[in-house]
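Here's the structure we're looking at; comments come further down.
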Amino acid sequence: MPESSAAAQVVKAPVTPATAHTDTTAKWFLVSAISYFFIVGIIALTIAAKFCWPELLGTVPYLSYGRLRPLHVNGMLFGWLLAADMGLTYYIVPRLCGVKLWSEKLGVATAALWNVIILGAVVSLLAGWNQGFEYAELPLPLDVLVVVAWIMYGINIFATIARRKYQQMYVSLWYFMGTILWTAFVYLVGNFAVEFATGTNQANLNWMYVHNAVGLIFTPIGLGIAYYFIPKSSNTPLHSHRLSMVGFWALAFVYVWTGAHHMLHGPISQWLQTIAITFSVMLLIPVWAVVYNFFATMKGEWHQLRESVPLKFLMSGTVFYLLTCFQGPMHSLRSVNAIVSKTDWIPGHAHMAVLGAFSFFAIAGTYYIVPRMWRKPLYSDALANWSFWFIMMGGLGFFVTLWLGGFWQGWQWNNPAIPFIDTVVALKPVWLVRFFSGCLIFAGIVAFAYNIMATVIGSSGKSETAAGAVVGGEYV
Amino acid sequence: MFSRADNSAGFAVAAALVLFFIGGVLTTIVPPLVDKSWSRPAPGLKPYTEIQLKGRAIYVREGCWYCHTQQTRTLLADTKRSGWRGVDSPISTPDEFVYDNPHMFGTKRTGPDLSRVGGKYDTQWHRTHFRNPRDLVPGSVMPPFPWIVEKPEEFTALVAYIQTLGRSKDWRPDKDYER
């Protein structure tokens with residue numbers, strides 16, 4: 001890397017261009033994403049309740065745990081989080097490029113198609129049309145539609161970037177381009193290539209997809225969003241351009257190798273497990289580069305968290321990202337894995353990544369852009385604050401009890417003198433706490449969704465807390 | 001060199017894809033070529049019969065695999081837990097799963113591992129257990145599946161599949177397998 005490139009220079013926070021943006025696509029994506037966040041939240045509570053009361057809805061095939069769980073996972077991942085992330089990029093990319101979105105018509109068509117996919121997913125998963133691959137449960141026709149929608153999305157974003165007014169691309173743009181390209185291949189492997197393989201070979205492809213659905217879809221798009229909104233919401237320049245490059249290129253190289261760590265100690269070649277472990281540990285490099293960059297950006301600006309709900313979400317999301325990506329490398333070590341693998345630790349870990357880190361970034365972005373897109377103040381700042389604390393407290397309750405419970409469960413499993421059913425009974429208090437933590441998270445989701453919808457639908461300027469909603473009184 | 005990506009979207013795209021494909025190819029396409037045991041069936045492994053495949057489809061449809069793994073890992077405790085009447089189970093090897101599509105290795109053990117469950121319990125046990133697991137295993141959190149038990153053809157197929165699990169290795173010296 002030549003010294004001239006960017007010798008630790010401080011890059012300015014992206015400036016707001018003078019172009020008038022219509023944001024129709026971003027609006028449609030966000031409104032539908034938030035609706036699914038709420039609806040799928042009910043599903044989430046239901047399956048958490050089923051752990052505590054297994055007879056609940058027990059005689060209705062369509063509402064059994066085995067069918068609601070994939071609906072929860074796919075609904076949250078694709079209905080809420082990916083749709084919200086896409087909506088945010090439809091807002092961010094034109095602004096970073098200083099031009100209008102290439103085609104709002106194409107964008108709205110993409111949003112419509114995305115809704116068709118999600119509604120199709122609800123019907124097929126409840127009916128039990130499940131392909132049997134984790135994160136890739138959707139039947140083939142829906143997979144094809146996802147590919148079509150992704151191509152429509154990619155064309156729109158790349159065409160916008162190709163016509164950009166600013167030559168130099170801010171780091172968020174690399175992350176979004178990376179997301180679009182990597183996702184294309186990762187998705188094809190996980191949903192189409194697996195059809196041509198069986199057994200261990202198929203599992204290896206499946207885990208490559210599962211791992212990279214998080215690592216090369218939700219991670220880069222989420223980080224790109226955080227890279228945009230942290231400097232924006234704090235009105236502070238990004239700490240280091242060079243560090244953001246280290247983080248990005250390390251992610252591009254390291255992430256894809258790690259799929260086999262889902263089968264440690266399992267029926268898959270030892271050498272492949274070792275490769276997966278090695279690269280899992282190397283993930284600390286891109287993660288710490290990014291996290292340090294975010295923290296250093298906030299240096300001297302932490303007091304802003306008191307007033308700003310987006311910053312609260314962004315910075316606690318960053319802490320959760322740091323934690324979840326410390327867990328990841330650690331429990332890919334064989335010794336740790338022997339304890340925590342297949343236990344309730346794993347859902348605790350997964351929820352911290354997808355809810356604690358990336359949903360926090362998406363919620364922050366939503367709170368930031370909705371008043372600006374609709375050009376009216378947020379319905380209620382107080383409610384926004386409540387939504388943060390509900391999700392934060394519920395999330396912590398969820399993560400911490402599942403780690404402790406999962407670790408405990410793993411120790412018990414490793415003592416074969418304990419009958420398996422005793423290890424199930426031991427976890428019941430943990431699942432009860434998880435259910436009530438879930439209720440808190442859901443309360444936060446309701447507060448968030450209501451706040452956004454009231455802002456969108458309600459008349460402007462009615463709220464008494466409106467004044468502080470938009471910095472400097474500008475809606476742009 | 002990566003600083004070129006600052007200004008050139010084309011370079012950024014090319015570099016991001018090259019880096020991705022190094023790991024992508026080496027971890028997905030190469031391993032099955034190097035390790036033939038992934039595709040060579042175990043000596044005792046038979047392809048699934050029609051009824052077993054039907055049962056397997058029910059196992060997939062009902063999401064059994066979200067709570068039950070099918071792998072006896074290289075951990076002492078796993079071989080004990082998958083064992084039966086004092087006999088430790090052999091560990092799972094890739095050649096046992098060559099006919100599995102979709103694979104059912106699983107990621108979460110809310111219920112016990114099923115990689116060696118074939119031949120452990122008889123049909124009547126499964127019928128009672130599917131109707132209400134807590135009748136046989138107090139404290140269980142498994143959901144009841146009355147709609148399977150009430151359709152004899154579905155129930156028979158599912159049990160036929162379950163009885164195949166782990167049977168390609170003839171691991172119990174007393175041959176005391178239930179059918």
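Quick note on naming: the chains in the structure tokens go A, B, ... in the order shown, residues restart at 1 in each chain, and ligands are numbered from 1 in order of appearance.
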
Please, which residues of chain B lie no more than 6 Å from chain A when the count uses only C-alpha atoms, and can they be set out as a compact mmCIF listing (two decimals) with C-alpha atoms, in the first residue's frame?
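Listing of selection.txt after writing:
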# COMPACT_ATOMS: atom_id res chain seq x y z
CA MET B 1 -2.42 -1.29 -3.99
CA SER B 3 -6.11 2.31 -2.47
CA ASP B 6 -11.01 4.47 -3.67
CA ASN B 7 -11.61 5.87 -7.11
CA ALA B 16 -13.34 -8.05 -3.94
CA LEU B 19 -10.18 -12.36 -2.79
CA PHE B 20 -13.57 -13.97 -2.26
CA GLY B 23 -11.33 -18.97 -0.28
CA GLY B 24 -14.60 -19.83 -1.97
CA TRP B 38 -17.38 -37.68 1.18
CA VAL B 60 -37.84 -32.44 6.77
CA ARG B 61 -41.35 -30.97 6.54
CA GLU B 62 -41.97 -30.96 10.28
CA GLY B 63 -38.59 -29.39 11.01
CA ARG B 73 -19.06 -36.22 17.06
CA THR B 74 -15.49 -37.13 17.94
CA ALA B 77 -19.57 -37.93 25.64
CA SER B 92 -20.25 -40.59 12.50
CA THR B 93 -18.20 -40.60 9.28
CA PRO B 94 -18.95 -38.83 5.98
CA PHE B 97 -24.43 -39.87 4.72
CA VAL B 98 -23.79 -40.21 0.99
CA ASP B 100 -28.72 -37.96 2.42
CA ASN B 101 -30.40 -35.18 0.46
CA PRO B 102 -31.06 -32.80 2.10
CA HIS B 103 -28.46 -33.55 4.77
CA THR B 107 -26.94 -27.34 14.39
CA LYS B 108 -28.96 -27.44 17.59
CA ARG B 109 -29.66 -30.15 20.15
CA GLY B 139 -40.01 -33.17 31.33
CA VAL B 141 -40.36 -30.15 25.59
CA PRO B 143 -44.16 -30.80 20.59
CA PRO B 144 -46.86 -33.42 20.12

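CA of Lys27 in chain A is positioned 14.8 Å from CA of Leu378 in chain A.
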
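Take the candidates A:Gly120, A:Pro429, A:Gly41, A:Gly98 and check each one against Leu355 in chain A using only C-alpha atoms; the shortest distance goes to A:Gly41.
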
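Using only C-alpha atoms, the nearest neighbour of Trp374 in chain A within the list A:Gly190, A:Pro237, A:Gly154, A:Gly458 is A:Gly458.
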
Please indicate the distance in Å from CA of Leu30 in chain A to CA of Gly222 in chain A, rounded to one decimal place. 14.7 Å

Gly55 in chain B: which residues within 7 Å, counting only C-alpha atoms, same-chain residues fewer than 5 positions away excluded, as a compact mmCIF listing (two decimals) with N, CA and C atoms, in the first residue's frame?
# COMPACT_ATOMS: atom_id res chain seq x y z
N GLU B 154 -48.36 -42.01 6.94
CA GLU B 154 -47.28 -41.08 7.29
C GLU B 154 -46.48 -41.61 8.47
N ALA B 157 -44.22 -44.50 7.49
CA ALA B 157 -43.07 -44.04 6.71
C ALA B 157 -42.03 -43.37 7.60
N LEU B 158 -42.49 -42.52 8.51
CA LEU B 158 -41.56 -41.79 9.37
C LEU B 158 -40.77 -42.76 10.25
N VAL B 159 -41.47 -43.75 10.82
CA VAL B 159 -40.77 -44.73 11.66
C VAL B 159 -39.79 -45.55 10.81
N ALA B 160 -40.21 -45.89 9.58
CA ALA B 160 -39.30 -46.64 8.70
C ALA B 160 -38.01 -45.85 8.48
N TYR B 161 -38.13 -44.53 8.32
CA TYR B 161 -36.93 -43.70 8.15
C TYR B 161 -36.10 -43.67 9.43

Could you pull out the helix (DSSP H, G or I) residues of range 7-233 of chain A from DSSP and send them as JSON, numbers by chain? {"A": [24, 25, 26, 27, 28, 29, 30, 31, 32, 33, 34, 35, 36, 37, 38, 39, 40, 41, 42, 43, 44, 45, 46, 47, 48, 49, 50, 51, 52, 61, 62, 63, 65, 66, 67, 68, 69, 70, 71, 72, 73, 74, 75, 76, 77, 78, 79, 80, 81, 82, 83, 84, 85, 86, 87, 88, 89, 90, 91, 92, 93, 94, 95, 96, 97, 104, 105, 106, 107, 108, 109, 110, 111, 112, 113, 114, 115, 116, 117, 118, 119, 120, 121, 122, 123, 124, 125, 126, 140, 141, 142, 143, 144, 145, 146, 147, 148, 149, 150, 151, 152, 153, 154, 155, 156, 157, 158, 159, 160, 161, 162, 171, 172, 173, 174, 175, 176, 177, 178, 179, 180, 181, 182, 183, 184, 185, 186, 187, 188, 189, 190, 191, 193, 194, 195, 196, 199, 200, 201, 202, 203, 204, 205, 206, 207, 208, 209, 210, 211, 212, 213, 214, 215, 216, 217, 218, 219, 220, 221, 222, 223, 224, 225, 226, 227, 228, 229, 230, 231, 232, 233]}

CA of Gln70 in chain B and CA of Asp113 in chain B, how far apart in Å? 5.7 Å

Between A:Ala454, A:Ile221, A:Ala121, A:Val99, which is the closest to Arg163 in chain A once you count only C-alpha atoms?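 Of the candidates, the smallest distance to Arg163 in chain A is held by A:Val99.
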
Fewer than 6 positions away in the same chain doesn't count, so skip those; otherwise give me all residues within 8 Å of Val117 in chain B, counting only C-alpha atoms, as a list in words.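 What passes the distance filter is Ser82, Ile162, Gln163, Leu165 and Gly166 of chain B.
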
N, CA and C atoms of the current selection, written as a compact mmCIF listing (two decimals), in the first residue's frame:
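Output saved as part31.txt:
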# COMPACT_ATOMS: atom_id res chain seq x y z
N SER B 82 -24.83 -41.52 22.35
CA SER B 82 -25.44 -42.20 21.21
C SER B 82 -25.41 -43.71 21.41
N ILE B 162 -36.78 -43.44 10.56
CA ILE B 162 -36.04 -43.31 11.83
C ILE B 162 -35.25 -44.59 12.12
N GLN B 163 -35.84 -45.74 11.78
CA GLN B 163 -35.14 -47.00 12.08
C GLN B 163 -33.89 -47.20 11.22
N LEU B 165 -31.60 -44.83 10.88
CA LEU B 165 -30.56 -43.89 11.28
C LEU B 165 -29.41 -44.58 12.01
N GLY B 166 -28.24 -44.44 11.44
CA GLY B 166 -27.03 -44.98 12.06
C GLY B 166 -26.84 -46.47 11.83

Using only C-alpha atoms, the residue out of A:Met392, A:Tyr90, A:Phe218, A:Ala384 with shortest distance to Thr110 in chain A is A:Tyr90

Near-range 89-91 of chain B list (9 Å; only C-alpha atoms; drop same-chain fewer than 4 positions) as a PyMOL selection string: (chain A and resi 266-267) or (chain B and resi 71-75+78-84+116+169+171-172)

Mind checking which residues fall within 6 Å of range 298-315 of chain A, counting only C-alpha atoms, ignoring those fewer than 2 positions away in the same chain, and posting them as a PyMOL selection string? chain A and resi 295-296+317-318+360-361+364
